[in-house]
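Note: the block below is data.cif and it holds mmCIF, C-alpha atoms.
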data_query
loop_
_atom_site.group_PDB
_atom_site.id
_atom_site.type_symbol
_atom_site.label_atom_id
_atom_site.label_comp_id
_atom_site.auth_asym_id
_atom_site.auth_seq_id
_atom_site.Cartn_x
_atom_site.Cartn_y
_atom_site.Cartn_z
ATOM 1 C CA ASN R 773 43.757 73.310 -116.959
ATOM 2 C CA ASN R 774 41.635 70.367 -118.007
ATOM 3 C CA ASN R 775 40.051 72.401 -120.826
ATOM 4 C CA ARG R 776 43.484 73.520 -121.995
ATOM 5 C CA GLU R 777 44.685 69.913 -122.099
ATOM 6 C CA LYS R 778 41.585 68.822 -124.008
ATOM 7 C CA ARG R 779 42.069 71.579 -126.594
ATOM 8 C CA LYS R 780 45.722 70.595 -126.975
ATOM 9 C CA ILE R 781 44.805 66.925 -127.533
ATOM 10 C CA MET R 782 42.129 67.907 -130.082
ATOM 11 C CA ALA R 783 44.595 70.127 -131.927
ATOM 12 C CA ASN R 784 47.181 67.348 -132.015
ATOM 13 C CA ALA R 785 44.583 64.882 -133.296
ATOM 14 C CA LEU R 786 43.474 67.337 -135.994
ATOM 15 C CA ASP R 787 47.072 67.866 -137.106
ATOM 16 C CA ALA R 788 47.641 64.111 -137.196
ATOM 17 C CA VAL R 789 44.509 63.456 -139.264
ATOM 18 C CA LEU R 790 45.309 66.227 -141.737
ATOM 19 C CA ALA R 791 48.898 65.005 -142.064
ATOM 20 C CA GLN R 792 47.691 61.453 -142.652
ATOM 21 C CA TYR R 793 45.194 62.615 -145.284
ATOM 22 C CA GLU R 794 47.818 64.682 -147.082
ATOM 23 C CA GLN R 795 50.266 61.760 -147.044
ATOM 24 C CA ASN R 796 47.695 59.274 -148.360
ATOM 25 C CA THR R 797 46.512 61.654 -151.045
ATOM 26 C CA SER R 798 50.103 62.242 -152.114
ATOM 27 C CA LYS R 799 50.738 58.493 -152.292
ATOM 28 C CA SER R 800 47.629 57.805 -154.338
ATOM 29 C CA ASN R 801 48.643 60.387 -156.926
ATOM 30 C CA THR R 802 52.314 59.444 -157.140
ATOM 31 C CA GLY R 803 53.405 58.798 -160.721
ATOM 32 C CA ARG R 804 49.980 59.592 -162.154
ATOM 33 C CA GLN R 805 48.830 62.729 -163.906
ATOM 34 C CA SER R 806 45.304 63.362 -165.073
ATOM 35 C CA ILE R 807 45.339 64.156 -168.784
ATOM 36 C CA SER R 808 42.526 64.442 -171.280
ATOM 37 C CA GLN R 809 41.937 61.784 -173.931
ATOM 38 C CA GLU R 810 42.759 64.355 -176.619
ATOM 39 C CA ASP R 811 46.107 65.099 -175.001
ATOM 40 C CA ARG R 812 46.742 61.383 -174.412
ATOM 41 C CA LEU R 813 46.414 60.683 -178.136
ATOM 42 C CA LYS R 814 49.151 63.224 -178.814
ATOM 43 C CA ARG R 815 51.519 61.440 -176.445
ATOM 44 C CA TYR R 816 51.934 58.259 -178.491
ATOM 45 C CA PHE R 817 54.784 58.138 -180.969
ATOM 46 C CA THR R 818 54.159 55.480 -183.590
ATOM 47 C CA THR R 819 56.056 54.391 -186.682
ATOM 48 C CA TYR R 820 52.906 53.542 -188.619
ATOM 49 C CA LEU R 821 52.910 54.396 -192.326
ATOM 50 C CA PRO R 822 49.443 55.249 -193.691
ATOM 51 C CA LYS R 823 47.828 53.179 -196.411
ATOM 52 C CA GLY R 824 49.202 53.999 -199.858
ATOM 53 C CA THR R 825 52.591 55.076 -198.480
ATOM 54 C CA SER R 826 55.451 52.641 -199.055
ATOM 55 C CA SER R 827 58.236 54.453 -197.199
ATOM 56 C CA GLY R 828 58.928 57.401 -194.951
ATOM 57 C CA GLN R 829 61.122 58.946 -192.285
ATOM 58 C CA LYS R 830 60.468 60.208 -188.773
ATOM 59 C CA ARG R 831 62.881 62.349 -186.771
ATOM 60 C CA VAL R 832 63.024 62.110 -182.991
ATOM 61 C CA ARG R 833 65.096 63.345 -180.072
ATOM 62 C CA ILE R 834 65.312 61.042 -177.070
ATOM 63 C CA LEU R 835 65.063 63.064 -173.850
ATOM 64 C CA PRO R 836 67.624 62.574 -171.062
ATOM 65 C CA THR R 837 66.442 61.155 -167.743
ATOM 66 C CA PRO R 838 66.601 63.405 -164.633
ATOM 67 C CA ASP R 839 68.774 60.907 -162.728
ATOM 68 C CA GLY R 840 71.056 59.838 -165.574
ATOM 69 C CA SER R 841 69.536 56.348 -165.797
ATOM 70 C CA SER R 842 68.782 54.581 -169.077
ATOM 71 C CA PRO R 843 65.939 56.269 -170.998
ATOM 72 C CA PHE R 844 64.763 52.830 -172.188
ATOM 73 C CA LYS R 845 62.296 51.543 -169.603
ATOM 74 C CA GLU R 846 61.679 47.782 -169.676
ATOM 75 C CA VAL R 847 57.988 46.910 -169.440
ATOM 76 C CA TRP R 848 56.272 43.559 -169.989
ATOM 77 C CA TYR R 849 53.083 43.138 -172.011
ATOM 78 C CA HIS R 850 50.887 40.346 -173.296
ATOM 79 C CA GLU R 851 49.901 40.546 -176.957
ATOM 80 C CA VAL R 852 46.469 39.082 -177.553
ATOM 81 C CA GLN R 853 43.672 39.348 -180.072
ATOM 82 C CA ILE R 854 40.518 40.950 -178.713
ATOM 83 C CA ASP R 855 37.586 41.026 -181.088
ATOM 84 C CA GLY R 856 39.991 40.343 -183.956
ATOM 85 C CA LYS R 857 42.397 43.198 -183.135
ATOM 86 C CA TRP R 858 45.884 42.854 -181.673
ATOM 87 C CA THR R 859 46.118 44.505 -178.264
ATOM 88 C CA LYS R 860 48.930 44.891 -175.748
ATOM 89 C CA LEU R 861 47.986 44.296 -172.115
ATOM 90 C CA TYR R 862 50.219 45.345 -169.225
ATOM 91 C CA ASP R 863 51.430 42.308 -167.284
ATOM 92 C CA PRO R 864 51.096 42.845 -163.503
ATOM 93 C CA GLY R 865 53.136 39.710 -162.829
ATOM 94 C CA LYS R 866 56.433 40.537 -164.531
ATOM 95 C CA ASN R 867 56.156 44.269 -163.833
ATOM 96 C CA ASP R 868 54.828 44.401 -160.276
ATOM 97 C CA GLY R 869 55.056 40.884 -158.868
ATOM 98 C CA GLU R 870 51.264 40.683 -158.649
ATOM 99 C CA ARG R 871 48.786 38.128 -159.930
ATOM 100 C CA SER R 872 48.687 37.790 -163.733
ATOM 101 C CA PRO R 873 45.706 35.774 -165.085
ATOM 102 C CA LEU R 874 47.167 35.546 -168.598
ATOM 103 C CA THR R 875 50.480 34.239 -167.288
ATOM 104 C CA GLU R 876 48.527 31.679 -165.264
ATOM 105 C CA VAL R 877 46.968 30.421 -168.521
ATOM 106 C CA TYR R 878 50.422 30.309 -170.113
ATOM 107 C CA GLU R 879 51.906 28.295 -167.249
ATOM 108 C CA GLU R 880 48.977 25.885 -167.118
ATOM 109 C CA LEU R 881 49.140 25.198 -170.843
ATOM 110 C CA ILE R 882 52.904 24.674 -170.725
ATOM 111 C CA SER R 883 52.547 22.263 -167.809
ATOM 112 C CA THR R 884 50.438 19.753 -169.807
ATOM 113 C CA GLY R 885 53.426 18.794 -171.962
ATOM 114 C CA LYS R 886 51.252 18.630 -175.088
ATOM 115 C CA GLU R 887 52.669 20.202 -178.260
ATOM 116 C CA SER R 888 49.249 21.632 -179.150
ATOM 117 C CA ASP R 889 49.023 23.343 -175.742
ATOM 118 C CA LYS R 890 52.596 24.577 -176.049
ATOM 119 C CA ASP R 891 51.717 26.267 -179.354
ATOM 120 C CA LEU R 892 48.591 27.814 -177.823
ATOM 121 C CA ALA R 893 50.577 28.987 -174.794
ATOM 122 C CA ARG R 894 52.747 31.291 -176.913
ATOM 123 C CA GLN R 895 49.962 33.830 -177.284
ATOM 124 C CA TYR R 896 49.723 34.164 -173.478
ATOM 125 C CA ARG R 897 53.432 34.559 -172.774
ATOM 126 C CA PRO R 898 54.449 38.033 -171.516
ATOM 127 C CA ARG R 899 56.959 39.796 -173.749
ATOM 128 C CA LYS R 900 59.462 42.524 -173.007
ATOM 129 C CA PHE R 901 59.049 45.987 -174.520
ATOM 130 C CA TYR R 902 61.005 49.205 -174.206
ATOM 131 C CA ILE R 903 59.376 52.597 -173.681
ATOM 132 C CA VAL R 904 61.357 55.769 -174.302
ATOM 133 C CA LYS R 905 60.402 59.422 -173.831
ATOM 134 C CA LEU R 906 61.162 61.693 -176.780
ATOM 135 C CA ILE R 907 60.322 64.721 -178.871
ATOM 136 C CA ASP R 908 58.698 64.090 -182.244
ATOM 137 C CA ARG R 909 60.366 66.703 -184.451
ATOM 138 C CA ASP R 910 57.386 66.712 -186.825
ATOM 139 C CA ASN R 911 55.015 67.510 -183.958
ATOM 140 C CA GLU R 912 56.994 69.470 -181.401
ATOM 141 C CA ASP R 913 53.835 71.300 -180.303
ATOM 142 C CA HIS R 914 52.569 67.999 -178.877
ATOM 143 C CA GLY R 915 55.318 68.047 -176.255
ATOM 144 C CA PRO R 916 57.087 64.913 -174.985
ATOM 145 C CA LYS R 917 55.815 61.607 -176.392
ATOM 146 C CA PHE R 918 56.414 57.932 -175.636
ATOM 147 C CA TRP R 919 57.610 55.301 -178.092
ATOM 148 C CA ARG R 920 56.974 51.668 -177.217
ATOM 149 C CA PHE R 921 58.710 48.916 -179.156
ATOM 150 C CA LYS R 922 59.449 45.256 -178.666
ATOM 151 C CA ASP R 923 62.652 43.633 -177.516
ATOM 152 C CA ASN R 924 64.119 41.372 -180.194
ATOM 153 C CA TYR R 925 65.905 38.226 -178.993
ATOM 154 C CA LYS R 926 67.738 37.987 -182.327
ATOM 155 C CA GLN R 927 69.174 41.468 -181.705
ATOM 156 C CA GLU R 928 67.528 42.773 -184.858
ATOM 157 C CA GLY R 929 65.069 45.149 -183.184
ATOM 158 C CA ILE R 930 64.813 48.906 -182.863
ATOM 159 C CA LEU R 931 67.007 49.150 -179.761
ATOM 160 C CA ASP R 932 69.635 47.064 -181.572
ATOM 161 C CA LYS R 933 69.654 49.723 -184.316
ATOM 162 C CA ILE R 934 70.044 52.579 -181.819
ATOM 163 C CA ILE R 935 72.772 51.182 -179.545
ATOM 164 C CA PRO R 936 75.535 51.195 -182.238
ATOM 165 C CA ILE R 937 74.950 54.952 -182.613
ATOM 166 C CA TRP R 938 75.326 55.344 -178.858
ATOM 167 C CA LYS R 939 78.566 53.378 -178.892
ATOM 168 C CA ALA R 940 80.012 55.329 -181.808
ATOM 169 C CA LYS R 941 78.764 58.839 -181.030
ATOM 170 C CA GLY R 942 78.182 58.928 -177.291
ATOM 171 C CA ASP R 943 75.070 59.852 -175.338
ATOM 172 C CA VAL R 944 72.541 60.940 -177.952
ATOM 173 C CA THR R 945 70.247 62.267 -175.194
ATOM 174 C CA ASP R 946 72.702 64.950 -174.034
ATOM 175 C CA ALA R 947 70.836 68.266 -173.811
ATOM 176 C CA ASN R 948 73.436 70.262 -175.754
ATOM 177 C CA GLU R 949 75.611 67.751 -177.609
ATOM 178 C CA GLY R 950 73.135 64.963 -178.290
ATOM 179 C CA ARG R 951 71.730 63.998 -181.682
ATOM 180 C CA ASP R 952 68.392 63.669 -183.411
ATOM 181 C CA LEU R 953 67.670 60.200 -184.768
ATOM 182 C CA MET R 954 66.129 59.570 -188.191
ATOM 183 C CA VAL R 955 63.918 56.499 -188.261
ATOM 184 C CA GLU R 956 63.652 55.078 -191.788
ATOM 185 C CA LEU R 957 60.382 53.235 -192.442
ATOM 186 C CA SER R 958 59.100 50.930 -195.163
ATOM 187 C CA LYS R 959 56.203 48.587 -195.816
ATOM 188 C CA ALA R 960 56.357 44.798 -195.748
ATOM 189 C CA LYS R 961 53.743 42.082 -196.228
ATOM 190 C CA THR R 962 52.810 38.890 -194.452
ATOM 191 C CA PRO R 963 52.509 35.675 -196.508
ATOM 192 C CA LYS R 964 48.780 36.405 -196.648
ATOM 193 C CA GLY R 965 49.364 39.867 -198.086
ATOM 194 C CA ILE R 966 48.654 41.991 -195.018
ATOM 195 C CA GLU R 967 50.801 45.147 -195.021
ATOM 196 C CA TYR R 968 52.680 46.384 -191.970
ATOM 197 C CA THR R 969 55.362 48.965 -191.236
ATOM 198 C CA VAL R 970 58.963 48.052 -190.399
ATOM 199 C CA VAL R 971 61.865 50.143 -189.150
ATOM 200 C CA GLN R 972 64.574 49.586 -191.739
ATOM 201 C CA THR R 973 67.362 51.646 -190.200
ATOM 202 C CA VAL R 974 67.999 54.337 -187.615
ATOM 203 C CA MET R 975 70.445 57.086 -188.584
ATOM 204 C CA TYR R 976 71.789 60.098 -186.698
ATOM 205 C CA ASP R 977 72.155 63.810 -187.350
ATOM 206 C CA ASP R 978 74.910 66.237 -186.320
ATOM 207 C CA PRO R 979 75.186 67.226 -182.624
ATOM 208 C CA CYS R 980 72.758 69.931 -181.549
ATOM 209 C CA ALA R 981 70.844 71.189 -178.524
ATOM 210 C CA ILE R 982 67.406 69.765 -177.824
ATOM 211 C CA HIS R 983 66.045 73.226 -178.666
ATOM 212 C CA THR R 984 67.551 76.622 -179.460
ATOM 213 C CA ASP R 985 65.183 78.240 -176.963
ATOM 214 C CA GLU R 986 66.533 77.412 -173.493
ATOM 215 C CA SER R 987 63.157 77.915 -171.819
ATOM 216 C CA GLN R 988 61.520 75.446 -174.212
ATOM 217 C CA MET R 989 64.340 72.949 -173.683
ATOM 218 C CA LYS R 990 63.965 73.246 -169.904
ATOM 219 C CA GLU R 991 60.200 72.772 -170.151
ATOM 220 C CA TRP R 992 60.618 69.527 -172.102
ATOM 221 C CA MET R 993 63.371 68.201 -169.837
ATOM 222 C CA THR R 994 61.475 68.908 -166.611
ATOM 223 C CA ASN R 995 58.170 67.587 -167.917
ATOM 224 C CA GLU R 996 56.932 65.102 -165.288
ATOM 225 C CA LEU R 997 54.631 63.045 -167.488
ATOM 226 C CA THR R 998 55.596 59.363 -167.382
ATOM 227 C CA TRP R 999 54.715 56.394 -169.539
ATOM 228 C CA GLN R 1000 52.434 55.170 -166.711
ATOM 229 C CA ASP R 1001 50.319 58.302 -167.201
ATOM 230 C CA VAL R 1002 49.871 57.519 -170.887
ATOM 231 C CA TYR R 1003 49.720 53.730 -171.286
ATOM 232 C CA ALA R 1004 46.601 52.291 -169.677
ATOM 233 C CA GLN R 1005 46.719 49.333 -167.299
ATOM 234 C CA LYS R 1006 43.622 47.157 -167.395
ATOM 235 C CA PRO R 1007 42.116 45.835 -164.116
ATOM 236 C CA VAL R 1008 42.703 42.216 -163.131
ATOM 237 C CA GLU R 1009 39.026 41.434 -163.851
ATOM 238 C CA TYR R 1010 39.621 42.459 -167.454
ATOM 239 C CA LEU R 1011 42.647 40.155 -167.716
ATOM 240 C CA GLU R 1012 40.642 37.316 -166.192
ATOM 241 C CA ALA R 1013 37.940 37.770 -168.822
ATOM 242 C CA ILE R 1014 40.506 37.640 -171.625
ATOM 243 C CA ALA R 1015 41.993 34.492 -170.080
ATOM 244 C CA ARG R 1016 38.511 32.921 -170.214
ATOM 245 C CA GLY R 1017 38.184 33.810 -173.900
ATOM 246 C CA GLU R 1018 35.630 36.586 -173.358
ATOM 247 C CA THR R 1019 35.562 39.968 -175.084
ATOM 248 C CA PRO R 1020 35.259 42.801 -172.533
ATOM 249 C CA VAL R 1021 33.181 45.780 -173.668
ATOM 250 C CA TRP R 1022 33.085 49.183 -172.001
ATOM 251 C CA SER R 1023 29.587 50.173 -170.874
ATOM 252 C CA SER R 1024 29.021 53.928 -170.848
ATOM 253 C CA ASP R 1025 25.865 53.429 -168.778
ATOM 254 C CA LEU R 1026 27.467 51.257 -166.099
ATOM 255 C CA LYS R 1027 30.829 53.058 -166.239
ATOM 256 C CA LYS R 1028 32.675 49.758 -166.242
ATOM 257 C CA TYR R 1029 33.670 46.801 -168.429
ATOM 258 C CA VAL R 1030 31.062 44.145 -169.046
ATOM 259 C CA TYR R 1031 32.115 40.701 -170.136
ATOM 260 C CA GLY R 1032 30.963 37.790 -172.289
ATOM 261 C CA ASP R 1033 27.493 36.357 -172.303
ATOM 262 C CA ASP R 1034 26.970 33.837 -169.538
ATOM 263 C CA SER R 1035 25.554 31.302 -171.968
ATOM 264 C CA SER R 1036 28.737 31.247 -174.067
ATOM 265 C CA GLU R 1037 30.885 28.141 -173.780
ATOM 266 C CA VAL R 1038 34.270 29.268 -172.514
ATOM 267 C CA VAL R 1039 37.384 27.104 -172.383
ATOM 268 C CA LEU R 1040 40.838 27.743 -170.976
ATOM 269 C CA GLY R 1041 42.839 29.684 -173.518
ATOM 270 C CA GLY R 1042 39.854 29.643 -175.876
ATOM 271 C CA SER R 1043 38.147 32.386 -177.835
ATOM 272 C CA ASN R 1044 34.647 33.194 -178.994
ATOM 273 C CA GLU R 1045 33.821 32.857 -182.691
ATOM 274 C CA SER R 1046 33.638 36.632 -183.061
ATOM 275 C CA THR R 1047 37.319 36.992 -182.158
ATOM 276 C CA LYS R 1048 38.682 34.662 -184.823
ATOM 277 C CA THR R 1049 40.640 36.106 -187.717
ATOM 278 C CA GLU R 1050 42.722 34.640 -190.506
ATOM 279 C CA GLU R 1051 45.985 35.846 -188.999
ATOM 280 C CA THR R 1052 46.807 33.892 -185.833
ATOM 281 C CA THR R 1053 50.193 35.542 -185.397
ATOM 282 C CA ASP R 1054 50.749 39.260 -185.050
ATOM 283 C CA PRO R 1055 52.613 40.265 -188.262
ATOM 284 C CA GLN R 1056 54.508 42.851 -186.216
ATOM 285 C CA SER R 1057 55.698 40.334 -183.639
ATOM 286 C CA LYS R 1058 59.167 39.747 -185.091
ATOM 287 C CA MET R 1059 59.675 43.306 -186.305
ATOM 288 C CA GLY R 1060 59.491 45.213 -183.036
ATOM 289 C CA VAL R 1061 56.974 47.643 -184.523
ATOM 290 C CA ASP R 1062 54.055 48.992 -182.532
ATOM 291 C CA THR R 1063 51.089 50.129 -184.611
ATOM 292 C CA ASP R 1064 48.161 50.032 -182.216
ATOM 293 C CA LEU R 1065 47.249 52.772 -179.782
ATOM 294 C CA PRO R 1066 47.476 51.349 -176.244
ATOM 295 C CA PHE R 1067 44.219 52.418 -174.606
#

For the structure just supplied, provide its representation as structure tokens.
Amino acid sequence: NNNREKRKIMANALDAVLAQYEQNTSKSNTGRQSISQEDRLKRYFTTYLPKGTSSGQKRVRILPTPDGSSPFKEVWYHEVQIDGKWTKLYDPGKNDGERSPLTEVYEELISTGKESDKDLARQYRPRKFYIVKLIDRDNEDHGPKFWRFKDNYKQEGILDKIIPIWKAKGDVTDANEGRDLMVELSKAKTPKGIEYTVVQTVMYDDPCAIHTDESQMKEWMTNELTWQDVYAQKPVEYLEAIARGETPVWSSDLKKYVYGDDSSEVVLGGSNESTKTEETTDPQSKMGVDTDLPF
């Protein structure tokens, strides 16, 4: 009897451990899919016009959400220059209620009351973006993609060009009666002559199904890839380094980011000489256009 009881206890313990492991493994993988870098590159939809091209058009179909919620996900990013290039960094404060080193810099600079610090603080303020899942009609073989664009407080942004279509024509994401959107693009220049792409208008096509092949339509609509699987989120150590004015560099040997040289003089909200460029304001900032790939 004692042996039987012992075996029963051991079996119960084994079941409990296996159940716990399965639950923890499931939790750790929730909302994340492992995709190759090659496939990841195909998942970004951008409105960038190549050099030498002054205008163009891209056709997209916004996919409906499984639960009927808005397809436009609100996500907050910081826009900073790293080694002279504009980069968008996921803000863990606004998005997840966690510590945000860049927001800490912003709040500290604002708190001094100095106009010079207030101007510097702008580059550390988190900004709202929208991310929407869609099909790029010019590259349907890539499968569902994600388009990230900035909110525009003047109501002159990309979402502000799409909503009137929604109001006039109904749900453009409807699987059978929705509409493709035509995004009209053109080039503009900053006062210093740097070219960038702007979305001039967004037009709509006649109602149609997402795809004439029902199996292909179902595959796209049930695709579980999310924007979190595609857009990278940097570790807090990386954000801390940026807040100190350092330039993180990925080390293939160490398999991690390494940061600025210890002998460099670092100041709050400062930057190393190597990161300075002529343009101190992102030329895309007021246009709601996203041209960089968010690694």

Do you know which residues are at most 12 Å from R:Leu813 counting all atoms listed in the file, after dropping those on the same chain fewer than 2 positions away, and could you put them as a compact mmCIF listing (two decimals) with C-alpha atoms, in the frame of the given file?
# COMPACT_ATOMS: atom_id res chain seq x y z
CA ILE R 807 45.34 64.16 -168.78
CA SER R 808 42.53 64.44 -171.28
CA GLN R 809 41.94 61.78 -173.93
CA GLU R 810 42.76 64.36 -176.62
CA ASP R 811 46.11 65.10 -175.00
CA ARG R 815 51.52 61.44 -176.44
CA TYR R 816 51.93 58.26 -178.49
CA PHE R 817 54.78 58.14 -180.97
CA THR R 818 54.16 55.48 -183.59
CA HIS R 914 52.57 68.00 -178.88
CA GLY R 915 55.32 68.05 -176.26
CA PRO R 916 57.09 64.91 -174.98
CA LYS R 917 55.82 61.61 -176.39
CA PHE R 918 56.41 57.93 -175.64
CA ASP R 1001 50.32 58.30 -167.20
CA VAL R 1002 49.87 57.52 -170.89
CA TYR R 1003 49.72 53.73 -171.29
CA ALA R 1004 46.60 52.29 -169.68
CA ASP R 1064 48.16 50.03 -182.22
CA LEU R 1065 47.25 52.77 -179.78
CA PRO R 1066 47.48 51.35 -176.24
CA PHE R 1067 44.22 52.42 -174.61

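Excluding R:Glu967 itself and any same-chain residue fewer than 3 positions from it, the protein and nucleic acid residues within 9 Å of it, counting only C-alpha atoms, are Lys823, Lys959, Ala960, Lys961, Thr962 and Pro1055 of chain R.
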
Convert the current residue selection to file output with C-alpha atoms, as a PDB file, in the frame of the given file.
ATOM      1  CA  LYS R 823      47.828  53.179-196.411  1.00  0.00           C
ATOM      2  CA  LYS R 959      56.203  48.587-195.816  1.00  0.00           C
ATOM      3  CA  ALA R 960      56.357  44.798-195.748  1.00  0.00           C
ATOM      4  CA  LYS R 961      53.743  42.082-196.228  1.00  0.00           C
ATOM      5  CA  THR R 962      52.810  38.890-194.452  1.00  0.00           C
ATOM      6  CA  PRO R1055      52.613  40.265-188.262  1.00  0.00           C
TER       7      PRO R1055
END

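Distance-wise, atom CA of R:Glu887 and atom CA of R:Pro873 end up 21.6 Å apart.
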
Counting all atoms listed in the file, the residue among R:Gly885, R:Pro836, R:Gly824, R:Pro979 that lies closest to R:Leu906 is R:Pro836

### Result set, the PyMOL selection byres ((chain R and resi 980) around 10) on current file, as a ChimeraX atom specification
/R:944,946-952,977-979,981-984

In Å and to one decimal, atom CA of R:Ser958 is distant from atom CA of R:Gln972 by 6.6 Å

Between atom CA of R:Tyr1031 and atom CA of R:Tyr849 lies a distance of 21.2 Å

Across R:Asp839, R:Glu912, R:Ser883, R:Tyr878, the smallest distance to R:Met989, with all atoms listed in the file counted, is shown by R:Glu912

Across R:Ile854, R:Thr884, R:Ile834, R:Pro843, the smallest distance to R:Ala1013, with only C-alpha atoms counted, is shown by R:Ile854

Exercise for the section: Could you tell me which residues the PyMOL selection byres ((chain R and resi 953) around 8) grabs in this file, written as a PyMOL selection string? Expected result: chain R and resi 831-833+951-952+954-955+974-977

I need the chosen residues saved as a JSON list (two decimals), keeping the file's coordinate frame, with C-alpha atoms.
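Output file again.json follows:
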[["chain", "number", "residue", "atom", "x", "y", "z"],
["R", 831, "ARG", "CA", 62.88, 62.35, -186.77],
["R", 832, "VAL", "CA", 63.02, 62.11, -182.99],
["R", 833, "ARG", "CA", 65.10, 63.34, -180.07],
["R", 951, "ARG", "CA", 71.73, 64.00, -181.68],
["R", 952, "ASP", "CA", 68.39, 63.67, -183.41],
["R", 954, "MET", "CA", 66.13, 59.57, -188.19],
["R", 955, "VAL", "CA", 63.92, 56.50, -188.26],
["R", 974, "VAL", "CA", 68.00, 54.34, -187.62],
["R", 975, "MET", "CA", 70.44, 57.09, -188.58],
["R", 976, "TYR", "CA", 71.79, 60.10, -186.70],
["R", 977, "ASP", "CA", 72.16, 63.81, -187.35]]

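Shortest atom-to-atom contact with R:Lys900 among R:Glu928, R:Asp863, R:Glu846, R:Asp855: R:Glu846, counting all atoms listed in the file.
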
The residue from R:Lys933, R:Gly965, R:Tyr902, R:Val877 with the smallest atom-to-atom distance to R:Asp889, counting only C-alpha atoms, is R:Val877
